[in-house]
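Q: Data: coords.txt, compact mmCIF, C-alpha atoms.
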```
# COMPACT_ATOMS: atom_id res chain seq x y z
CA MET A 1 -7.71 -6.45 -79.43
CA SER A 2 -7.73 -7.99 -75.96
CA ALA A 3 -5.35 -10.70 -74.76
CA ALA A 4 -8.28 -13.15 -74.72
CA THR A 5 -9.23 -12.52 -78.37
CA LEU A 6 -5.58 -12.88 -79.37
CA ALA A 7 -5.41 -16.21 -77.51
CA GLY A 8 -8.61 -17.32 -79.24
CA LEU A 9 -7.18 -16.50 -82.68
CA THR A 10 -3.95 -18.31 -81.71
CA GLY A 11 -6.10 -21.30 -80.81
CA ALA A 12 -7.83 -21.18 -84.22
CA LEU A 13 -4.44 -21.08 -86.00
CA LEU A 14 -3.07 -23.93 -83.85
CA ALA A 15 -6.12 -26.07 -84.63
CA GLY A 16 -5.59 -25.46 -88.37
CA LEU A 17 -1.85 -26.22 -88.16
CA GLY A 18 -2.47 -29.40 -86.20
CA LEU A 19 -5.13 -30.56 -88.66
CA TYR A 20 -2.72 -29.99 -91.56
CA GLY A 21 0.05 -32.00 -89.87
CA LEU A 22 -2.38 -34.75 -88.97
CA ILE A 23 -3.32 -35.22 -92.63
CA ILE A 24 0.00 -34.75 -94.45
CA GLN A 25 2.55 -36.34 -92.09
CA PRO A 26 3.29 -39.95 -93.06
CA ASP A 27 5.10 -40.75 -89.79
CA PRO A 28 2.60 -41.92 -87.09
CA LEU A 29 4.56 -40.30 -84.24
CA ARG A 30 4.37 -36.98 -86.08
CA ARG A 31 0.64 -37.51 -86.45
CA ILE A 32 0.35 -38.01 -82.69
CA LEU A 33 2.28 -34.74 -82.21
CA ALA A 34 0.06 -32.91 -84.71
CA PHE A 35 -3.03 -34.29 -82.99
CA ASN A 36 -1.80 -32.86 -79.70
CA VAL A 37 -1.23 -29.45 -81.34
CA LEU A 38 -4.79 -29.62 -82.72
CA GLY A 39 -6.10 -30.52 -79.26
CA SER A 40 -4.27 -27.71 -77.47
CA GLY A 41 -5.66 -25.25 -80.05
CA VAL A 42 -9.19 -26.39 -79.24
CA PHE A 43 -8.42 -26.06 -75.51
CA LEU A 44 -7.36 -22.44 -76.12
CA LEU A 45 -10.78 -21.77 -77.68
CA PHE A 46 -12.23 -22.91 -74.34
CA GLY A 47 -9.81 -20.46 -72.75
CA ILE A 48 -11.28 -17.41 -74.46
CA ILE A 49 -14.81 -18.54 -73.56
CA ALA A 50 -13.71 -18.93 -69.93
CA ARG A 51 -12.03 -15.52 -69.87
CA ARG A 52 -15.02 -13.76 -71.43
CA GLY A 53 -17.23 -15.29 -68.73
CA ALA A 54 -15.35 -13.48 -65.95
CA VAL A 55 -17.48 -11.95 -63.18
CA ALA A 56 -16.75 -10.35 -59.81
CA GLY A 57 -15.10 -13.06 -57.71
CA ALA A 58 -13.80 -15.11 -60.64
CA LEU A 59 -11.32 -13.80 -63.23
CA ALA A 60 -12.48 -16.51 -65.65
CA ASP A 61 -15.49 -18.86 -65.80
CA PRO A 62 -14.36 -21.93 -63.80
CA VAL A 63 -16.52 -24.44 -65.72
CA PRO A 64 -14.64 -24.33 -69.07
CA GLN A 65 -11.37 -24.27 -67.11
CA ALA A 66 -12.28 -27.48 -65.30
CA LEU A 67 -13.29 -29.07 -68.63
CA VAL A 68 -9.91 -28.16 -70.12
CA ILE A 69 -8.01 -29.60 -67.12
CA THR A 70 -9.94 -32.86 -67.53
CA GLY A 71 -9.30 -32.69 -71.28
CA ILE A 72 -5.53 -32.26 -70.90
CA VAL A 73 -5.32 -35.33 -68.65
CA VAL A 74 -7.48 -37.47 -70.97
CA ALA A 75 -5.45 -36.29 -74.01
CA PHE A 76 -2.31 -37.42 -72.22
CA ALA A 77 -3.81 -40.85 -71.48
CA ALA A 78 -4.81 -41.26 -75.15
CA THR A 79 -1.35 -40.14 -76.30
CA ALA A 80 0.32 -42.66 -73.99
CA LEU A 81 -1.85 -45.49 -75.34
CA ALA A 82 -1.18 -44.43 -78.95
CA VAL A 83 2.58 -44.30 -78.33
CA ALA A 84 2.55 -47.73 -76.66
CA LEU A 85 0.66 -49.20 -79.66
CA LEU A 86 3.11 -47.58 -82.08
CA VAL A 87 6.21 -48.81 -80.24
CA ARG A 88 4.77 -52.33 -80.08
CA LEU A 89 3.91 -52.25 -83.80
CA SER A 90 7.39 -51.09 -84.81
CA GLY A 91 8.87 -53.83 -82.59
CA GLU A 92 6.79 -56.45 -84.42
CA THR A 93 7.36 -55.26 -87.98
CA SER A 94 10.50 -53.03 -87.80
CA ARG A 95 8.39 -50.48 -89.60
CA LEU A 96 6.33 -47.48 -88.77
CA GLY A 97 2.78 -47.65 -89.99
CA LEU A 98 0.75 -50.52 -91.31
CA PRO A 99 2.21 -52.29 -94.36
CA ALA A 100 -0.31 -52.84 -97.16
CA GLU A 101 0.17 -56.62 -97.24
CA LEU A 102 -1.17 -56.94 -93.68
CA SER A 103 -4.68 -56.10 -94.77
CA GLY A 104 -4.69 -58.70 -97.59
CA GLN A 105 -3.28 -61.84 -96.04
CA THR A 106 -2.49 -63.33 -92.66
CA ARG A 107 1.16 -63.36 -91.74
CA GLY A 108 3.34 -64.30 -88.80
CA ASP A 109 4.81 -61.58 -86.60
CA GLY A 110 7.95 -59.91 -87.91
CA ALA A 111 7.89 -61.90 -91.17
CA ASP A 112 9.02 -58.98 -93.29
CA ASP A 113 12.32 -58.22 -91.49
CA MET B 1 0.89 -1.20 -74.53
CA ILE B 2 3.92 -3.23 -73.41
CA VAL B 3 1.61 -6.02 -72.33
CA GLN B 4 -0.04 -6.01 -75.75
CA THR B 5 3.38 -6.34 -77.45
CA LEU B 6 4.33 -9.17 -75.11
CA ASP B 7 1.07 -10.98 -75.89
CA ILE B 8 1.66 -10.72 -79.63
CA GLY B 9 5.28 -11.87 -79.22
CA LEU B 10 4.18 -14.83 -77.10
CA ALA B 11 1.51 -15.82 -79.63
CA ALA B 12 4.05 -15.56 -82.48
CA LEU B 13 6.53 -17.71 -80.56
CA VAL B 14 3.91 -20.36 -79.76
CA LEU B 15 2.75 -20.46 -83.38
CA THR B 16 6.34 -20.73 -84.67
CA LEU B 17 7.04 -23.66 -82.35
CA ALA B 18 3.77 -25.34 -83.33
CA GLY B 19 4.68 -24.85 -87.01
CA TRP B 20 8.09 -26.39 -86.39
CA THR B 21 6.48 -29.32 -84.52
CA VAL B 22 4.17 -30.01 -87.45
CA LEU B 23 6.48 -29.30 -90.39
CA ALA B 24 10.07 -30.05 -89.29
CA HIS B 25 11.80 -32.71 -91.39
CA ALA B 26 13.26 -34.81 -88.59
CA THR B 27 11.16 -36.30 -85.79
CA PHE B 28 13.44 -35.55 -82.85
CA PRO B 29 13.57 -31.73 -83.32
CA ALA B 30 9.79 -31.80 -83.75
CA VAL B 31 9.37 -33.52 -80.38
CA VAL B 32 11.76 -31.14 -78.61
CA SER B 33 9.91 -28.23 -80.16
CA TYR B 34 6.62 -29.65 -78.86
CA VAL B 35 7.94 -29.66 -75.28
CA ALA B 36 8.95 -25.99 -75.54
CA TYR B 37 5.57 -25.29 -77.14
CA GLY B 38 3.71 -26.83 -74.18
CA LEU B 39 5.62 -24.71 -71.69
CA LEU B 40 5.05 -21.45 -73.60
CA LEU B 41 1.39 -22.32 -74.11
CA SER B 42 1.01 -22.39 -70.33
CA LEU B 43 2.08 -18.71 -70.31
CA ILE B 44 -0.86 -17.92 -72.61
CA TRP B 45 -3.09 -19.67 -70.07
CA VAL B 46 -1.67 -17.40 -67.37
CA ARG B 47 -2.59 -14.42 -69.54
CA LEU B 48 -6.15 -15.78 -69.69
CA PHE B 49 -6.14 -15.78 -65.85
CA ALA B 50 -6.61 -19.56 -65.91
CA VAL B 51 -3.70 -20.40 -63.59
CA ASP B 52 -5.06 -23.88 -62.75
CA VAL B 53 -5.05 -24.75 -66.46
CA ALA B 54 -1.59 -23.20 -66.88
CA LEU B 55 -0.20 -25.45 -64.12
CA THR B 56 -1.81 -28.54 -65.69
CA GLU B 57 -0.61 -27.65 -69.19
CA ALA B 58 2.97 -27.04 -67.99
CA ALA B 59 3.11 -30.23 -65.89
CA ILE B 60 1.15 -32.69 -68.07
CA GLY B 61 0.83 -31.08 -71.52
CA GLY B 62 4.48 -30.02 -71.70
CA GLY B 63 6.43 -32.00 -69.12
CA VAL B 64 5.05 -35.52 -68.83
CA THR B 65 3.87 -35.74 -72.48
CA GLY B 66 7.33 -34.46 -73.48
CA VAL B 67 9.10 -37.25 -71.62
CA LEU B 68 6.73 -39.80 -73.17
CA LEU B 69 7.28 -38.53 -76.73
CA ILE B 70 11.06 -38.11 -76.43
CA GLY B 71 11.24 -41.69 -75.16
CA ALA B 72 9.09 -42.87 -78.08
CA ALA B 73 11.15 -40.94 -80.64
CA SER B 74 14.39 -42.53 -79.42
CA LYS B 75 12.81 -46.02 -79.39
CA LEU B 76 11.47 -45.54 -82.93
CA ARG B 77 14.66 -44.10 -84.41
CA LYS B 78 15.70 -47.37 -86.04
CA ALA B 79 12.30 -48.16 -87.55
CA ALA B 80 12.11 -47.32 -91.25
CA LEU B 81 9.21 -45.43 -92.74
CA SER B 82 6.49 -47.68 -94.06
CA THR B 83 6.65 -48.09 -97.83
CA THR B 84 2.90 -47.72 -98.25
CA GLU B 85 2.93 -44.18 -96.90
CA ARG B 86 3.88 -42.15 -99.96
CA GLU B 87 4.63 -38.47 -100.02
CA LEU B 88 1.52 -36.64 -101.14
CA THR B 89 1.52 -34.95 -104.54
CA PRO B 90 1.74 -31.11 -104.53
CA PRO B 91 -1.85 -30.49 -105.76
CA LEU B 92 -3.21 -32.69 -102.98
CA ARG B 93 -1.03 -30.87 -100.45
CA TRP B 94 -2.40 -27.52 -101.60
CA ALA B 95 -5.96 -28.81 -101.39
CA ILE B 96 -5.35 -30.02 -97.83
CA ALA B 97 -3.71 -26.71 -96.90
CA ALA B 98 -6.75 -24.86 -98.29
CA LEU B 99 -9.06 -27.06 -96.21
CA CYS B 100 -7.07 -26.32 -93.05
CA VAL B 101 -7.03 -22.58 -93.78
CA LEU B 102 -10.80 -22.77 -94.18
CA ALA B 103 -11.12 -24.57 -90.82
CA THR B 104 -8.96 -21.88 -89.19
CA LEU B 105 -11.02 -19.09 -90.76
CA VAL B 106 -14.26 -20.61 -89.50
CA LEU B 107 -12.85 -20.91 -85.97
CA ALA B 108 -11.43 -17.36 -86.10
CA THR B 109 -14.81 -16.01 -87.26
CA ILE B 110 -16.47 -17.75 -84.32
CA VAL B 111 -13.88 -16.25 -81.94
CA LEU B 112 -14.53 -12.75 -83.30
CA SER B 113 -18.32 -13.07 -83.23
CA LEU B 114 -18.89 -14.61 -79.79
CA PRO B 115 -22.14 -13.41 -78.15
CA ASP B 116 -22.09 -10.31 -76.00
CA PRO B 117 -22.82 -10.41 -73.06
CA PRO B 118 -21.12 -13.82 -72.91
CA PRO B 119 -22.95 -16.79 -71.37
CA THR B 120 -21.27 -17.74 -68.12
CA LEU B 121 -21.73 -20.08 -65.19
CA ALA B 122 -19.25 -18.15 -63.05
CA PRO B 123 -21.92 -16.38 -60.89
CA GLU B 124 -23.51 -19.71 -59.93
CA ALA B 125 -20.09 -21.24 -59.26
CA VAL B 126 -19.09 -18.32 -57.01
CA GLN B 127 -22.46 -18.05 -55.20
CA ASN B 128 -22.61 -21.70 -54.18
CA ILE B 129 -18.97 -22.18 -53.29
CA ALA B 130 -19.61 -21.64 -49.57
CA ALA B 131 -21.51 -24.95 -49.50
CA THR B 132 -18.36 -26.85 -50.51
CA GLY B 133 -16.08 -25.11 -48.01
CA LEU B 134 -13.58 -24.50 -50.84
CA GLY B 135 -12.11 -21.19 -51.99
CA ASN B 136 -11.00 -22.10 -55.52
CA PRO B 137 -13.99 -22.24 -57.89
CA VAL B 138 -12.11 -24.45 -60.40
CA THR B 139 -11.51 -27.09 -57.72
CA ALA B 140 -15.17 -26.75 -56.72
CA VAL B 141 -16.27 -27.49 -60.31
CA LEU B 142 -13.86 -30.42 -60.61
CA ILE B 143 -14.62 -32.14 -57.35
CA ALA B 144 -18.14 -31.02 -56.42
CA TYR B 145 -20.32 -29.52 -59.18
CA ARG B 146 -19.07 -31.83 -61.92
CA ALA B 147 -17.70 -34.62 -59.73
CA PHE B 148 -19.07 -37.26 -62.08
CA ASP B 149 -16.83 -36.05 -64.96
CA THR B 150 -13.75 -36.13 -62.78
CA MET B 151 -14.58 -39.58 -61.45
CA LEU B 152 -15.02 -40.95 -64.98
CA GLU B 153 -11.78 -39.30 -66.04
CA LYS B 154 -9.95 -41.14 -63.23
CA CYS B 155 -11.45 -44.35 -64.62
CA VAL B 156 -10.15 -43.41 -68.10
CA LEU B 157 -6.64 -43.14 -66.65
CA VAL B 158 -6.90 -46.63 -65.15
CA LEU B 159 -8.25 -47.98 -68.46
CA ALA B 160 -5.32 -46.38 -70.31
CA VAL B 161 -2.88 -48.19 -67.99
CA VAL B 162 -4.75 -51.46 -68.64
CA GLY B 163 -4.51 -50.76 -72.39
CA VAL B 164 -0.77 -50.07 -72.24
CA TRP B 165 -0.07 -53.14 -70.10
CA SER B 166 -2.13 -55.35 -72.38
CA LEU B 167 0.51 -54.78 -75.08
CA ALA B 168 3.07 -56.73 -73.05
CA SER B 169 4.47 -60.01 -74.35
CA ASP B 170 3.25 -63.07 -72.43
CA ARG B 171 6.69 -63.82 -71.02
CA TYR B 172 7.02 -60.33 -69.52
CA TRP B 173 3.55 -60.22 -67.93
CA GLY B 174 3.86 -59.20 -64.31
CA GLY B 175 7.39 -57.89 -64.84
CA ALA B 176 8.81 -54.38 -64.67
CA PRO B 177 8.42 -51.77 -67.43
CA GLY B 178 11.91 -50.26 -67.12
CA ALA B 179 15.59 -50.94 -66.72
CA PRO B 180 16.72 -52.31 -63.33
CA ARG B 181 18.42 -50.20 -60.70
CA ALA B 182 21.91 -49.22 -61.86
CA VAL B 183 24.97 -50.61 -60.05
CA THR B 184 27.04 -47.45 -60.25
CA TRP B 185 25.89 -43.91 -60.82
CA ASP B 186 27.52 -40.86 -62.24
CA GLY B 187 26.71 -37.86 -64.38
CA ALA B 188 24.40 -34.89 -64.27
CA LEU B 189 21.15 -36.89 -64.41
CA THR B 190 22.01 -38.80 -61.22
CA PHE B 191 22.90 -35.53 -59.51
CA PHE B 192 19.60 -33.94 -60.48
CA ALA B 193 17.66 -37.06 -59.59
CA GLN B 194 19.11 -36.84 -56.08
CA LEU B 195 18.71 -33.06 -55.78
CA LEU B 196 15.22 -32.46 -57.21
CA PRO B 197 12.87 -35.04 -55.62
CA PRO B 198 13.07 -33.80 -52.00
CA LEU B 199 12.10 -30.31 -53.18
CA GLY B 200 9.69 -31.55 -55.85
CA ILE B 201 7.79 -33.77 -53.43
CA LEU B 202 7.32 -30.84 -51.03
CA ILE B 203 6.16 -28.58 -53.88
CA GLY B 204 3.82 -31.28 -55.22
CA ILE B 205 2.17 -31.83 -51.82
CA ARG B 206 1.92 -28.09 -51.26
CA ILE B 207 0.26 -27.50 -54.66
CA PHE B 208 -2.20 -30.28 -53.87
CA TRP B 209 -2.93 -28.84 -50.42
CA ILE B 210 -3.45 -25.19 -51.41
CA GLY B 211 -5.64 -26.33 -54.35
CA ALA B 212 -8.71 -25.98 -52.11
CA ASP B 213 -8.33 -22.20 -51.99
CA GLU B 214 -5.66 -21.17 -54.53
CA PRO B 215 -4.70 -22.37 -58.03
CA GLY B 216 -3.52 -25.96 -57.74
CA GLY B 217 -5.11 -29.24 -56.75
CA ALA B 218 -4.96 -32.99 -57.16
CA PHE B 219 -4.09 -33.01 -60.88
CA GLN B 220 -1.29 -30.48 -60.70
CA GLY B 221 0.20 -31.72 -57.43
CA GLY B 222 -0.08 -35.34 -58.54
CA ALA B 223 1.64 -34.55 -61.84
CA ILE B 224 4.60 -32.97 -60.01
CA LEU B 225 4.90 -36.00 -57.70
CA ALA B 226 4.74 -38.22 -60.80
CA ALA B 227 7.53 -36.21 -62.43
CA MET B 228 9.76 -36.76 -59.39
CA TRP B 229 9.23 -40.52 -59.56
CA MET B 230 9.94 -40.46 -63.29
CA ILE B 231 13.25 -38.63 -62.75
CA ILE B 232 14.30 -41.22 -60.17
CA MET B 233 13.40 -44.10 -62.51
CA MET B 234 15.11 -42.44 -65.50
CA ALA B 235 18.34 -41.98 -63.54
CA ARG B 236 17.94 -45.63 -62.46
CA LEU B 237 18.29 -44.72 -58.80
CA ALA B 238 15.39 -47.08 -58.09
CA ASP B 239 13.87 -50.10 -59.79
CA ALA B 240 10.81 -49.59 -61.93
CA PRO B 241 8.09 -51.46 -60.02
CA ALA B 242 6.77 -54.74 -61.40
CA ILE B 243 3.24 -54.32 -62.75
CA GLY B 244 2.14 -57.38 -60.78
CA GLU B 245 2.94 -55.79 -57.40
CA ARG B 246 -0.15 -55.54 -55.20
CA TRP B 247 0.72 -52.06 -53.83
CA MET B 248 1.13 -50.82 -57.40
CA ARG B 249 -2.34 -52.00 -58.37
CA ILE B 250 -3.84 -50.49 -55.19
CA ALA B 251 -2.13 -47.14 -55.80
CA LEU B 252 -3.44 -47.03 -59.38
CA ALA B 253 -7.04 -47.85 -58.46
CA ALA B 254 -7.28 -46.01 -55.10
CA GLY B 255 -8.40 -42.67 -56.59
CA PRO B 256 -11.44 -43.86 -58.56
CA ILE B 257 -12.38 -46.44 -55.91
CA VAL B 258 -12.38 -43.96 -53.02
CA PHE B 259 -14.18 -41.36 -55.17
CA LEU B 260 -16.85 -43.88 -56.16
CA GLY B 261 -17.04 -45.16 -52.58
CA VAL B 262 -17.72 -41.67 -51.20
CA GLY B 263 -20.24 -41.17 -54.01
CA ILE B 264 -22.12 -44.35 -53.08
CA LEU B 265 -21.89 -43.44 -49.40
CA GLY B 266 -23.79 -40.25 -50.24
CA PHE B 267 -26.37 -42.33 -52.05
CA VAL B 268 -26.84 -44.62 -49.04
CA ALA B 269 -26.76 -41.83 -46.43
CA GLY B 270 -29.32 -39.78 -48.32
CA TRP B 271 -27.41 -36.64 -49.37
CA GLY B 272 -27.13 -37.82 -52.99
CA PHE B 273 -24.78 -39.70 -55.32
CA LEU B 274 -21.37 -37.95 -55.52
CA ALA B 275 -22.67 -35.15 -53.30
CA TYR B 276 -21.28 -34.02 -49.96
CA PRO B 277 -23.19 -33.36 -46.71
CA ALA B 278 -23.54 -29.71 -45.66
CA GLY B 279 -20.93 -28.71 -43.10
CA PHE B 280 -18.79 -31.79 -43.68
CA ALA B 281 -18.04 -31.23 -47.39
CA LYS B 282 -14.47 -29.99 -47.17
CA PRO B 283 -12.97 -32.81 -45.06
CA LEU B 284 -14.63 -35.35 -47.36
CA ILE B 285 -13.34 -33.53 -50.48
CA ILE B 286 -9.79 -33.43 -49.10
CA PHE B 287 -10.05 -37.14 -48.24
CA VAL B 288 -11.04 -37.97 -51.85
CA GLU B 289 -8.36 -35.68 -53.26
CA ILE B 290 -5.58 -37.35 -51.23
CA PHE B 291 -6.28 -40.67 -52.97
CA MET B 292 -6.74 -38.97 -56.34
CA THR B 293 -3.32 -37.33 -56.00
CA LEU B 294 -1.79 -40.68 -55.07
CA SER B 295 -3.40 -42.38 -58.09
CA ILE B 296 -2.27 -39.66 -60.50
CA ALA B 297 1.28 -39.80 -59.10
CA ALA B 298 1.27 -43.58 -59.75
CA THR B 299 -0.60 -43.59 -63.09
CA LEU B 300 1.37 -41.01 -65.07
CA PRO B 301 4.81 -42.68 -64.63
CA MET B 302 3.28 -46.09 -65.48
CA LEU B 303 1.78 -44.67 -68.68
CA VAL B 304 5.13 -43.13 -69.62
CA ALA B 305 7.05 -46.32 -68.76
CA GLY B 306 4.91 -48.38 -71.16
CA PRO B 307 4.38 -52.14 -71.14
CA PRO B 308 6.72 -54.37 -69.08
CA ILE B 309 10.00 -55.32 -70.79
CA ARG B 310 11.48 -57.66 -68.15
CA ALA B 311 10.29 -61.04 -66.98
CA PRO B 312 8.94 -61.09 -63.39
CA ARG B 313 11.24 -62.41 -60.70
CA PRO B 314 10.25 -65.94 -59.77
```
Translate this file's structure into structure tokens.
A:
Amino acid sequence: MSAATLAGLTGALLAGLGLYGLIIQPDPLRRILAFNVLGSGVFLLFGIIARRGAVAGALADPVPQALVITGIVVAFAATALAVALLVRLSGETSRLGLPAELSGQTRGDGADD
Amino acid sequence: MIVQTLDIGLAALVLTLAGWTVLAHATFPAVVSYVAYGLLLSLIWVRLFAVDVALTEAAIGGGVTGVLLIGAASKLRKAALSTTERELTPPLRWAIAALCVLATLVLATIVLSLPDPPPTLAPEAVQNIAATGLGNPVTAVLIAYRAFDTMLEKCVLVLAVVGVWSLASDRYWGGAPGAPRAVTWDGALTFFAQLLPPLGILIGIRIFWIGADEPGGAFQGGAILAAMWMIIMMARLADAPAIGERWMRIALAAGPIVFLGVGILGFVAGWGFLAYPAGFAKPLIIFVEIFMTLSIAATLPMLVAGPPIRAPRP
């Protein structure tokens, strides 16, 4: 088995692990972490496609590589926004996650301290 | 043979760290494990001969994301778990695990049955690279062949900053997102924050500069410059800038504005939207990349710093 195939299989396992964490973790920060693991697994799948596309003059297909670089930066931007939302939410409610009452009735900020 | 063993060991290590990130009981060890995971993942990218991606993954995926998440974990330590989020029952857990195993198996099957010979755009990318004046095909894809993607991605970064800032309280609007400059300094962090930036800034500019021909470029160089600024702010050697500062806003928007401006210039001058004139492509690309690097170096620390927490000075 080549290094590229091994990396591809690692990517598949990482995507599965990340998906599992995303569903079962109750803590939103852990979900953000799991989502990033899922994302990096998908990026690795791009990696094997890039490596298989190697020709004389390029050790790996540059197009998937460029897509992954763009993807990493966008994933970071999304993570930063998610973290900022989470920190703001926990500051308002002293809790992680959305309490059930919020969906039913209108309340003032921080009323459940 | 040795290389094969190393590859398997590396994959096992990465998977163990990912498993720990996902399954560890406490949040803080999970975050620390994620940082180590990002760094080791970049070694796998090196093994795939994708050094540009490896640099980006190490700098942004591991480093800057790590700082962001460690900061978040320490801010959220006091917050209690929401009561509505119950632990899942074991049968449901097993069902979810089965679903995820299925997803993994599908992906693994795809990996093992990829078409042969593989479809590739590498020949086209290599054949036409002379027209851009660049030597690194990845940079050529990012800044020339698929310039529109990269330009939109710069806009996404600016939008993310707008999103983060919009979470500020009214009374802090226009203020600074971090602690003020410290009065006295001591400790290892101050020492490192004085030692690293002179070297880091040189390395960041160098990685940006050689990106035209070697692995590197605006993203990677900009991320290293951003890391240096973050270290200085963390050690409180300098004030975090107020988000209302005009130079701050200009630095954030310069990358996409210059990129778009050059794109429109091409439209007006007749060589095409986001295209470069033959013979003058490289200087124009470097010009755009300088502002992109500047914008990335300003954007990443602002995204990590979060919304302002101090009222603006009158």
Q: Using all atoms listed in the file, which of B:Leu17, B:Leu157, B:Ala130, B:Val51 sits nearest chain A?
A: B:Leu157
Q: With distances taken over all atoms listed in the file, which of B:Met292, B:Arg47, B:Arg171, B:Ala97 is nearest to Val3 of chain B?
A: B:Arg47
Q: Taking all atoms listed in the file into account, which of A:Ala56, A:Ala75, A:Leu29, A:Pro62 comes nearest Phe43 of chain A?
A: A:Ala75
Q: Of the candidates A:Leu86, A:Ala12, A:Gly47, A:Thr5, which one gets nearest to Leu59 of chain A if we count all atoms listed in the file?
A: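 Under the stated criterion, the closest residue is A:Gly47.
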Q: Could you check how far atom CA of Leu44 of chain A sits from atom CA of Arg31 of chain A, in Å to one decimal?
A: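 Taking atom CA of Leu44 of chain A as the start and atom CA of Arg31 of chain A as the end point, the length is 19.9 Å.
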Q: Using atom CA of Ala66 of chain A and atom CA of Cys155 of chain B as the two end points, give the distance in Å to one decimal.
A: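 Between atom CA of Ala66 of chain A and atom CA of Cys155 of chain B the gap works out to 16.9 Å.
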Q: Could you tell me how far atom CA of Val183 of chain B sits from atom CA of Pro314 of chain B, in Å to one decimal place?
A: 21.3 Å
Q: Which residue, A:Leu17, A:Ala78, A:Thr10, A:Gly39, has the smallest gap to Val158 of chain B when you use only C-alpha atoms?
A: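 Going through A:Leu17, A:Ala78, A:Thr10, A:Gly39 one by one, the smallest distance to Val158 of chain B is for A:Ala78.
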Q: Which residues come within 8 Å of Leu13 of chain A, counting only C-alpha atoms, excluding same-chain residues fewer than 3 positions away, as JSON, numbers by chain?
A: {"A": [9, 10, 16, 17, 41], "B": [15, 104, 108]}
